[in-house]
Structures are given as structure tokens and as C-alpha cells.
>>> print(open('my_file20.txt').read())   # compact mmCIF, C-alpha atoms
# COMPACT_ATOMS: atom_id res chain seq x y z
CA MET A 26 40.67 -18.46 14.04
CA PRO A 27 38.36 -16.92 11.40
CA LYS A 28 35.85 -15.93 14.08
CA LEU A 29 38.53 -14.19 16.14
CA LEU A 30 39.94 -12.33 13.16
CA SER A 31 36.89 -11.46 11.09
CA GLY A 32 34.24 -10.48 13.61
CA ASN A 33 33.36 -7.43 15.69
CA GLY A 34 35.59 -4.85 14.06
CA GLN A 35 38.90 -6.60 14.77
CA LYS A 36 38.20 -6.87 18.50
CA GLY A 37 39.56 -10.40 18.43
CA TRP A 38 42.89 -9.39 16.91
CA PRO A 39 44.72 -8.65 20.21
CA TYR A 40 43.68 -12.03 21.60
CA PHE A 41 44.90 -13.94 18.57
CA GLN A 42 48.09 -11.89 18.55
CA ARG A 43 48.76 -12.99 22.14
CA LEU A 44 48.13 -16.61 21.20
CA LEU A 45 50.64 -16.39 18.35
CA VAL A 46 53.19 -14.62 20.56
CA ASP A 47 52.82 -17.38 23.15
CA LEU A 48 53.32 -19.99 20.42
CA PHE A 49 56.47 -18.26 19.15
CA GLN A 50 57.81 -17.90 22.69
CA PHE A 51 57.28 -21.60 23.35
CA MET A 52 59.03 -22.58 20.12
CA GLU A 53 61.84 -20.01 20.32
CA PRO A 54 64.38 -22.03 22.37
CA PHE A 55 63.95 -25.06 20.12
CA LEU A 56 64.20 -23.05 16.92
CA ARG A 57 67.12 -20.95 18.16
CA ASN A 58 69.12 -24.04 19.06
CA ALA A 59 67.93 -26.01 16.01
CA GLU A 60 66.56 -28.72 18.30
CA LEU A 61 63.87 -29.91 15.93
CA ALA A 62 62.78 -33.24 17.31
CA GLU A 63 59.80 -34.73 15.51
CA PRO A 64 57.11 -33.07 17.71
CA VAL A 65 58.77 -29.64 17.37
CA ARG A 66 59.23 -30.11 13.63
CA PHE A 67 55.55 -30.98 13.34
CA LEU A 68 54.61 -27.88 15.34
CA TYR A 69 56.92 -25.72 13.24
CA LYS A 70 55.34 -26.91 9.98
CA GLY A 71 51.89 -26.31 11.41
CA THR A 72 52.88 -22.80 12.46
CA LEU A 73 54.13 -22.03 8.95
CA ARG A 74 50.79 -23.19 7.55
CA VAL A 75 48.89 -20.96 9.97
CA LEU A 76 51.05 -18.00 8.94
CA LEU A 77 50.45 -18.75 5.26
CA VAL A 78 46.69 -18.82 5.88
CA LEU A 79 46.99 -15.47 7.65
CA LEU A 80 49.08 -14.10 4.78
CA HIS A 81 46.39 -15.13 2.30
CA ASP A 82 43.20 -14.39 4.22
CA PHE A 83 44.13 -11.82 6.89
CA PRO A 84 47.28 -10.04 5.65
CA GLU A 85 46.43 -6.84 7.52
CA PHE A 86 46.74 -8.76 10.80
CA LEU A 87 50.35 -9.67 10.00
CA CYS A 88 51.02 -6.13 8.75
CA ASP A 89 49.77 -4.52 11.94
CA TYR A 90 51.56 -6.85 14.37
CA HIS A 91 54.77 -7.52 12.45
CA PHE A 92 56.88 -5.72 15.04
CA SER A 93 55.87 -7.86 18.01
CA PHE A 94 56.24 -11.07 15.99
CA CYS A 95 59.73 -10.15 14.77
CA ASP A 96 60.77 -9.53 18.37
CA ILE A 97 60.27 -13.21 19.14
CA ILE A 98 60.97 -15.09 15.91
CA PRO A 99 64.66 -16.14 16.08
CA PRO A 100 67.00 -14.68 13.44
CA SER A 101 67.59 -18.20 12.10
CA CYS A 102 63.89 -18.63 11.19
CA ILE A 103 64.19 -16.65 8.00
CA GLN A 104 61.27 -18.12 6.08
CA MET A 105 58.90 -17.71 9.03
CA ARG A 106 59.87 -14.06 9.36
CA ASN A 107 59.64 -13.51 5.60
CA ILE A 108 56.03 -14.69 5.64
CA VAL A 109 55.17 -12.10 8.29
CA LEU A 110 57.04 -9.32 6.48
CA SER A 111 55.59 -10.19 3.06
CA ALA A 112 52.06 -9.28 4.12
CA PHE A 113 50.51 -6.22 2.52
CA PRO A 114 47.00 -4.72 2.63
CA ARG A 115 44.54 -6.41 0.32
CA ASN A 116 43.52 -3.12 -1.28
CA MET A 117 47.08 -2.52 -2.47
CA ARG A 118 48.67 -3.64 -5.73
CA LEU A 119 52.41 -4.14 -5.45
CA PRO A 120 54.50 -2.83 -8.35
CA ASP A 121 56.81 -5.44 -9.86
CA PRO A 122 60.20 -4.79 -8.20
CA SER A 123 62.04 -5.76 -11.39
CA THR A 124 60.23 -3.16 -13.51
CA PRO A 125 62.88 -1.15 -15.41
CA ASN A 126 63.31 2.41 -14.12
CA LEU A 127 60.78 1.92 -11.36
CA LYS A 128 60.65 5.08 -9.25
CA ILE A 129 59.19 4.18 -5.90
CA ASP A 130 59.40 7.84 -4.85
CA LEU A 131 56.41 8.44 -7.12
CA LEU A 132 54.19 5.71 -5.67
CA ALA A 133 51.19 7.14 -3.86
CA GLU A 134 51.63 4.75 -0.93
CA ILE A 135 55.30 5.55 -0.36
CA ASN A 136 54.56 8.64 1.73
CA GLN A 137 51.98 6.90 3.92
CA SER A 138 52.81 5.50 7.35
CA PRO A 139 51.94 1.85 8.01
CA ARG A 140 49.62 1.01 10.87
CA ILE A 141 51.50 -0.66 13.73
CA LEU A 142 49.39 -1.98 16.60
CA SER A 143 52.40 -3.15 18.63
CA GLU A 144 53.89 -0.74 21.16
CA VAL A 145 57.10 0.22 19.39
CA ASP A 146 58.68 2.02 22.35
CA ALA A 147 57.74 -0.54 25.03
CA ALA A 148 61.27 -1.95 25.35
CA LEU A 149 62.76 1.55 25.47
CA LYS A 150 60.38 2.48 28.28
CA ALA A 151 61.11 -0.74 30.16
CA LYS A 152 64.83 0.11 30.18
CA GLN A 153 64.22 3.82 30.94
CA MET A 154 65.84 4.78 27.64
CA LYS A 155 62.99 6.53 25.86
CA SER A 156 63.53 9.93 27.48
CA ASP A 157 67.26 9.77 26.70
CA VAL A 158 66.55 8.94 23.06
CA ASP A 159 63.95 11.71 22.80
CA GLU A 160 66.32 14.23 24.34
CA TYR A 161 69.13 13.28 22.00
CA LEU A 162 66.93 13.43 18.89
CA LYS A 163 65.50 16.76 19.99
CA THR A 164 68.71 18.61 20.81
CA MET A 165 71.60 16.56 19.33
CA PRO A 166 73.80 17.80 22.20
CA GLN A 167 77.56 17.94 21.80
CA GLY A 168 79.67 16.01 24.28
CA THR A 169 76.78 13.88 25.52
CA SER A 170 77.50 10.39 26.81
CA PHE A 171 74.40 8.98 25.09
CA LEU A 172 76.20 7.57 22.05
CA SER A 173 79.20 6.27 23.97
CA GLU A 174 76.92 4.37 26.38
CA LEU A 175 74.51 3.09 23.74
CA LYS A 176 76.24 -0.22 23.06
CA LYS A 177 76.48 -1.03 26.76
CA LYS A 178 72.77 -0.37 27.26
CA LEU A 179 71.91 -2.86 24.52
CA LEU A 180 73.80 -5.69 26.25
CA LEU A 181 72.12 -8.25 28.48
CA SER A 182 73.47 -9.37 31.82
CA PRO A 183 75.40 -12.68 31.72
CA SER A 184 72.46 -14.61 33.18
CA GLU A 185 69.98 -13.02 30.75
CA ALA A 186 72.34 -13.67 27.85
CA ALA A 187 72.62 -17.34 28.81
CA ARG A 188 68.83 -17.68 28.71
CA ALA A 189 68.37 -15.67 25.52
CA GLY A 190 71.21 -17.25 23.57
CA THR A 191 72.58 -13.82 22.63
CA ARG A 192 74.50 -11.09 24.41
CA TYR A 193 72.10 -8.45 23.14
CA ASN A 194 68.63 -7.34 24.12
CA VAL A 195 66.99 -7.98 20.74
CA PRO A 196 63.59 -6.39 21.55
CA LEU A 197 65.43 -3.28 22.78
CA MET A 198 67.51 -3.16 19.59
CA ASN A 199 64.38 -3.52 17.46
CA SER A 200 62.57 -0.88 19.49
CA LEU A 201 65.44 1.59 19.26
CA VAL A 202 65.84 1.22 15.49
CA LEU A 203 62.16 1.55 14.61
CA TYR A 204 61.43 4.29 17.15
CA VAL A 205 64.35 6.41 15.97
CA GLY A 206 63.31 5.83 12.37
CA ILE A 207 59.72 6.86 13.05
CA GLN A 208 60.86 10.07 14.75
CA ALA A 209 63.13 10.88 11.81
CA ILE A 210 60.33 10.22 9.31
CA GLN A 211 57.96 12.51 11.21
CA GLN A 212 60.55 15.29 11.27
CA LEU A 213 61.28 14.78 7.59
CA GLN A 214 57.61 14.97 6.68
CA ALA A 215 57.25 18.18 8.66
CA ARG A 216 60.14 19.73 6.73
CA THR A 217 59.34 18.33 3.29
CA PRO A 218 57.04 20.43 1.07
CA HIS A 219 53.77 18.75 0.16
CA GLY A 220 54.10 16.54 -2.89
CA GLN A 221 57.88 16.31 -2.61
CA SER A 222 59.63 13.00 -1.93
CA MET A 223 61.52 12.39 1.29
CA ALA A 224 64.45 11.24 -0.85
CA SER A 225 64.97 14.86 -1.91
CA ASN A 226 65.87 15.63 1.71
CA ALA A 227 68.49 12.89 1.88
CA SER A 228 70.98 14.94 3.85
CA GLN A 229 68.39 15.74 6.52
CA ALA A 230 67.38 12.08 6.71
CA ILE A 231 70.95 11.16 7.55
CA LEU A 232 71.66 14.06 9.88
CA MET A 233 68.67 13.27 12.07
CA VAL A 234 69.71 9.76 13.00
CA GLY A 235 73.07 9.37 11.33
CA ASP A 236 75.04 9.52 14.55
CA ILE A 237 72.95 6.83 16.22
CA PHE A 238 72.96 4.39 13.31
CA GLN A 239 76.59 5.10 12.40
CA THR A 240 77.64 4.55 16.01
CA LEU A 241 75.83 1.24 16.13
CA ILE A 242 77.18 -0.12 12.86
CA LEU A 243 80.75 0.92 13.66
CA GLU A 244 80.96 0.06 17.36
CA LEU A 245 78.94 -3.13 17.56
CA GLU A 246 80.87 -6.29 16.91
CA THR A 247 79.70 -8.92 14.43
CA GLU A 248 76.81 -10.35 16.47
CA GLY A 249 75.43 -6.99 17.53
CA ARG A 250 75.80 -5.51 14.05
CA TYR A 251 73.94 -8.48 12.57
CA LEU A 252 71.03 -7.94 14.96
CA PHE A 253 71.06 -4.20 14.25
CA LEU A 254 70.93 -4.79 10.49
CA ASN A 255 68.16 -7.34 10.98
CA ALA A 256 66.17 -4.71 12.88
CA ILE A 257 66.46 -2.42 9.85
CA ALA A 258 65.65 -5.19 7.36
CA ASN A 259 62.51 -6.04 9.35
CA GLN A 260 61.05 -2.74 8.14
CA LEU A 261 61.53 -3.54 4.44
CA ARG A 262 57.95 -4.53 3.72
CA TYR A 263 55.19 -3.27 1.40
CA PRO A 264 55.24 0.28 -0.07
CA ASN A 265 55.09 2.79 2.78
CA ASN A 266 57.32 5.48 4.21
CA HIS A 267 58.97 3.07 6.68
CA THR A 268 60.06 0.78 3.85
CA HIS A 269 61.27 3.79 1.85
CA TYR A 270 63.20 5.29 4.75
CA PHE A 271 64.89 2.13 6.02
CA SER A 272 65.79 1.03 2.50
CA PHE A 273 67.47 4.40 2.06
CA ILE A 274 69.28 4.04 5.41
CA LEU A 275 70.54 0.54 4.61
CA LEU A 276 71.89 1.63 1.23
CA TYR A 277 73.46 4.70 2.83
CA LEU A 278 75.23 2.58 5.44
CA PHE A 279 76.54 0.35 2.63
CA SER A 280 77.76 3.22 0.47
CA GLU A 281 79.35 5.20 3.29
CA SER A 282 81.16 2.32 4.95
CA ASN A 283 84.87 2.05 4.30
CA GLN A 284 84.94 -1.44 5.81
CA GLU A 285 84.14 -4.24 3.42
CA ALA A 286 83.26 -6.45 6.39
CA ILE A 287 80.30 -4.16 7.10
CA GLN A 288 79.25 -4.15 3.45
CA GLU A 289 79.49 -7.92 3.40
CA GLN A 290 77.31 -8.19 6.48
CA ILE A 291 74.68 -5.88 5.01
CA THR A 292 74.68 -8.08 1.91
CA ARG A 293 74.38 -11.21 4.04
CA VAL A 294 71.32 -9.90 5.87
CA LEU A 295 69.59 -9.17 2.56
CA LEU A 296 70.78 -12.27 0.74
CA GLU A 297 69.86 -14.81 3.39
CA ARG A 298 66.28 -13.56 3.24
CA LEU A 299 66.23 -13.96 -0.55
CA ILE A 300 67.65 -17.47 -0.91
CA VAL A 301 64.90 -19.14 1.13
CA ASN A 302 61.60 -20.19 -0.41
CA ARG A 303 59.07 -17.53 -1.28
CA PRO A 304 57.41 -15.27 -0.29
CA HIS A 305 59.94 -12.44 -0.19
CA PRO A 306 59.02 -8.99 1.15
CA TRP A 307 58.61 -6.35 -1.56
CA GLY A 308 60.88 -3.85 0.19
CA LEU A 309 63.61 -6.46 0.53
CA LEU A 310 63.57 -7.09 -3.23
CA ILE A 311 63.53 -3.38 -4.01
CA THR A 312 66.54 -2.74 -1.79
CA PHE A 313 68.62 -5.65 -3.08
CA ILE A 314 67.88 -4.80 -6.72
CA GLU A 315 68.99 -1.22 -6.12
CA LEU A 316 72.16 -2.43 -4.43
CA ILE A 317 73.24 -4.76 -7.23
CA LYS A 318 72.09 -2.68 -10.21
CA ASN A 319 73.02 0.87 -9.26
CA PRO A 320 76.70 1.43 -10.19
CA ARG A 321 76.99 3.95 -7.36
CA TYR A 322 77.37 1.09 -4.89
CA ASN A 323 80.04 -0.78 -6.91
CA PHE A 324 78.54 -4.00 -5.63
CA TRP A 325 80.14 -6.33 -8.15
CA SER A 326 83.61 -4.96 -7.45
CA ARG A 327 83.48 -6.13 -3.82
CA SER A 328 85.79 -9.03 -3.11
CA PHE A 329 83.18 -10.95 -1.11
CA THR A 330 81.11 -11.46 -4.27
CA ARG A 331 83.97 -13.52 -5.72
CA CYS A 332 85.49 -15.14 -2.64
CA ALA A 333 84.56 -18.66 -3.78
CA PRO A 334 83.07 -20.17 -6.96
CA GLU A 335 79.91 -21.32 -5.16
CA ILE A 336 79.40 -17.85 -3.67
CA GLU A 337 79.86 -16.27 -7.08
CA LYS A 338 77.28 -18.63 -8.57
CA LEU A 339 74.89 -17.86 -5.73
CA PHE A 340 75.14 -14.11 -6.35
CA GLU A 341 74.66 -14.60 -10.08
CA SER A 342 71.61 -16.80 -9.51
CA VAL A 343 69.97 -14.36 -7.10
CA SER A 344 70.77 -11.37 -9.29
CA ARG A 345 69.21 -13.08 -12.33
CA SER A 346 66.04 -13.78 -10.37
CA CYS A 347 65.99 -10.12 -9.32
CA GLY A 348 66.29 -8.83 -12.86
CA GLY A 349 69.93 -9.32 -13.77
CA PRO A 350 73.25 -7.92 -12.61
CA LYS A 351 73.64 -5.37 -15.39
CA PRO A 352 74.01 -1.86 -13.90
CA VAL A 353 71.45 0.79 -14.76
CA ASP A 354 71.12 4.52 -14.25
CA ASP A 355 71.75 5.96 -10.80
CA GLY A 356 68.83 6.19 -8.43
CA VAL A 357 66.57 3.82 -10.31
CA VAL A 358 64.70 2.38 -7.38
CA VAL A 359 64.83 4.36 -4.18
CA GLY A 360 66.29 7.65 -5.23
CA GLY A 361 69.77 6.40 -4.37
CA ILE A 362 72.22 8.42 -2.31
CA SER A 363 72.71 11.87 -3.74
CA ASP A 364 76.19 12.83 -4.89
CA ALA A 365 76.19 15.58 -2.30
CA MET A 366 76.29 12.93 0.40
CA HIS A 367 79.65 11.55 -0.79
>>> encode(input="my_file20.txt", output="C-alpha cells")
Amino acid sequence: MPKLLSGNGQKGWPYFQRLLVDLFQFMEPFLRNAELAEPVRFLYKGTLRVLLVLLHDFPEFLCDYHFSFCDIIPPSCIQMRNIVLSAFPRNMRLPDPSTPNLKIDLLAEINQSPRILSEVDAALKAKQMKSDVDEYLKTMPQGTSFLSELKKKLLLSPSEAARAGTRYNVPLMNSLVLYVGIQAIQQLQARTPHGQSMASNASQAILMVGDIFQTLILELETEGRYLFLNAIANQLRYPNNHTHYFSFILLYLFSESNQEAIQEQITRVLLERLIVNRPHPWGLLITFIELIKNPRYNFWSRSFTRCAPEIEKLFESVSRSCGGPKPVDDGVVVGGISDAMH
């Protein structure tokens, strides 16, 4: 492994990436169905150890290929996915997420794009959807059938769904979410004056992709919405403009939703990634801290935080580990959602 990853200017990286993808694909049916017989359990533990070695010695490898790995790792394998998403470049120092009044807008890295060696739009191309997405993002046409047909295009055929264990094309969902986000970020950067934060153009950030993301979160049922929110949460990593943008989008979807079921599901996606053993991705912590501490989101007034004593204790425990539940000033972490957006 070290020879493949450390020699010849990263020429061995694609080969090792394929080996890991093959390993994940082999394990996926067992992990998805929780069929952990002793040999599979042994293989799973060994895989976690390999990922931890990569996280420590070759974090850039996990950073650059996170997208292709998250396509295959089942949603139930939260710790495995967290290890991949917790990687950050060795030349970077992560700010403590619990630092009072931390303004991530001012971090030098927050306007930089992460390197992604996976082909983000591969699934869109395979389903002949890329041109439709590009056309919609370019013109935002009125009366188009693109949005109304979007949910149907994300569904698998019955035979494919039986094999995959889900009704949805997860790689296509992941591809759509990240590709649309990247296009929005590029447009935002083109319109944002040099030295100014993207958060200052909050309304533009929403207008560019708001219809697509709002359509998905409102029209998908519970399973599809969970996979959609997971696709967003998979981009909450180390400080970069993808983390910044998708954190903003997730908080926007929470604040703008008038359905507590959606807010509860957003919370679930974040919380289930926080209650497993460390490591936890930096962007995940930043987003959850903003959600529970910024009074704009009224998090602690939601009924699902008090639906049962054990749930209430869980929220209190996680909030303490994230710096405490006490609200602070608006927009402490990610610029928040501007009042003009309400």
C-alpha cells in the first residue's frame, strides 16, 4: 500500500482507489443487510483499520476520492463513511469548531475548491441527464417538465431496486447533488467581488439551485429524502467552498421548511453521524453547532427534541460535546440565513 500511494507522483492512486472500490462493492450487500458473519466482521474491522491508516498517513487520498467511496459505502456504515469524510490535507490546520464566535467566512481556505479526482457527473452522463441539468441551470425555463420528472428519473427499475436494496439510484442522487452544487458555486464565485464571502450572496445561492433542492426535499418520500440529505451531508468535510456551500444549503432547507418531519430528518442525518465513535468531519460539527446554537433556527423548540426522555438526553449529551446548547448571536458559524431570505 505505501508503495502504491507514495511513489511516482501519485500514479498509483487510481489503482489503489479501484482496489478499495472493489472491496467496498464486495462488502456492500453484507453491510447493507447487516449480515455480519464472523468472516465478514473480520473483513469489516480490517477495512476500518486500513481506512484509519489512510486517514493518518495519506489523508489527501481519501479527500480526493471521497465521492466515489461514498457512492458505494452503505448509508448504515456511518463510522466508515465518517473516516473518509474526516480526511483533510496535511498542510491544513482545522479551526476548533467549538471556538466562540468562529466566522468560517473569514477562513482563507473557505473560498477554495477541493480537489476531486472522481468523475462527479459520470452517473448523470450514464442516464443522459447531464444536458438536461445544464440546460435547466443555464436558463431556468418556466413551464419545463424537468422538475416534475426529476423524482421519477432518480428511481430504479423494480429489478434494479431489488438488487440494490433501495428504490433510488444512489450514485445518480449523489452525482446530481454535487454537480448542481459545483455549478452554483462557480456561478456564485463569478458574481461575487474578490475578497467577499459567498454568504453575502445568500439569495443568489438559493435562487440558482433552490428549485431543484426544494423540489427534491418536498416531493421525495422518507427514503428518497434521507438519501438526498445524505448526499448533501457527504460534502460537509474540511474547510473549503463545498463544505461552506452545502452547510449553508442544509441550514436553509431546515429554516425554510414548514414541515417538522423534514426538519427532524435533517437533524437525524446530522445526529447519526455525530453519535458514532470519532472521527467526525469538521464541516459536520460546524453545521450541527450552528443549528443548535443559532436562535434563528429555533432548534430547541422543535417537538422532536423532546419526544422521549432518552432522546432529550441524547440531544443534551451531543450538544454539550459540541459546545453547549446555549444560543449565541445570529450567524456565528456559517453566516446563517440572512433575514432577507425569510
>>> atom_distance(input="my_file20.txt", atom1="CA of Leu180 in chain A", atom2="CA of Val145 in chain A")
19.0 Å
>>> residues_around(input="my_file20.txt", residues="range 146-153 of chain A", least_positions_apart="2", cutoff="12 Å", atoms="only C-alpha atoms", output="ChimeraX atom specification")
/A:92-93,96,141-144,155-159,175,178-181,194-208
>>> closest_residue(input="my_file20.txt", among="A:Ile237, A:Met105, A:Ile242, A:Leu316", to="Leu56 in chain A", atoms="only C-alpha atoms")
A:Met105
>>> closest_residue(input="my_file20.txt", among="A:Gln42, A:Asn116, A:Thr169, A:Asn283", to="Met26 in chain A", atoms="all atoms listed in the file")
A:Gln42
>>> residues_around(input="my_file20.txt", residues="range 182-190 of chain A", least_positions_apart="5", cutoff="9 Å", atoms="only C-alpha atoms", output="short mmCIF file (atom, residue, chain, number, x, y, z; two decimals) with C-alpha atoms, in the frame of the given file")
data_model
loop_
_atom_site.label_atom_id
_atom_site.label_comp_id
_atom_site.auth_asym_id
_atom_site.auth_seq_id
_atom_site.Cartn_x
_atom_site.Cartn_y
_atom_site.Cartn_z
CA PRO A 54 64.38 -22.03 22.37
CA ARG A 57 67.12 -20.95 18.16
CA ASN A 58 69.12 -24.04 19.06
#
>>> atom_distance(input="my_file20.txt", atom1="CA of Leu77 in chain A", atom2="CA of Ile108 in chain A")
6.9 Å
>>> closest_residue(input="my_file20.txt", among="A:Arg106, A:Lys163, A:Arg216, A:His269", to="Leu131 in chain A", atoms="all atoms listed in the file")
A:His269
>>> closest_residue(input="my_file20.txt", among="A:Ala209, A:Leu295, A:Leu119, A:Ile287", to="His267 in chain A", atoms="only C-alpha atoms")
A:Ala209
>>> closest_residue(input="my_file20.txt", among="A:Ser173, A:Asn265, A:Thr247, A:Met165", to="Ile135 in chain A", atoms="all atoms listed in the file")
A:Asn265
>>> closest_residue(input="my_file20.txt", among="A:Phe273, A:Phe324, A:Tyr263, A:Phe171", to="Pro139 in chain A", atoms="only C-alpha atoms")
A:Tyr263
>>> atom_distance(input="my_file20.txt", atom1="CA of Trp307 in chain A", atom2="CA of Leu80 in chain A")
13.8 Å
>>> residues_around(input="my_file20.txt", residues="Val65 in chain A", least_positions_apart="6", cutoff="10 Å", atoms="only C-alpha atoms", output="mmCIF file with C-alpha atoms, in the frame of the given file")
data_model
loop_
_atom_site.group_PDB
_atom_site.id
_atom_site.type_symbol
_atom_site.label_atom_id
_atom_site.label_comp_id
_atom_site.auth_asym_id
_atom_site.auth_seq_id
_atom_site.Cartn_x
_atom_site.Cartn_y
_atom_site.Cartn_z
ATOM 1 C CA MET A 52 59.030 -22.580 20.120
ATOM 2 C CA PHE A 55 63.950 -25.060 20.120
ATOM 3 C CA LEU A 56 64.200 -23.050 16.920
ATOM 4 C CA ALA A 59 67.930 -26.010 16.010
ATOM 5 C CA GLY A 71 51.890 -26.310 11.410
#
>>> residues_near_point(input="my_file20.txt", point="(66.5, -5.7, -6.9)", cutoff="10 Å", atoms="only C-alpha atoms", output="list in words")
Pro122, Ser123, Thr124, Trp307, Gly308, Leu309, Leu310, Ile311, Thr312, Phe313, Ile314, Glu315, Leu316, Ile317, Lys318, Asn319, Val343, Ser344, Arg345, Ser346, Cys347, Gly348, Gly349, Pro350 and Val358 of chain A
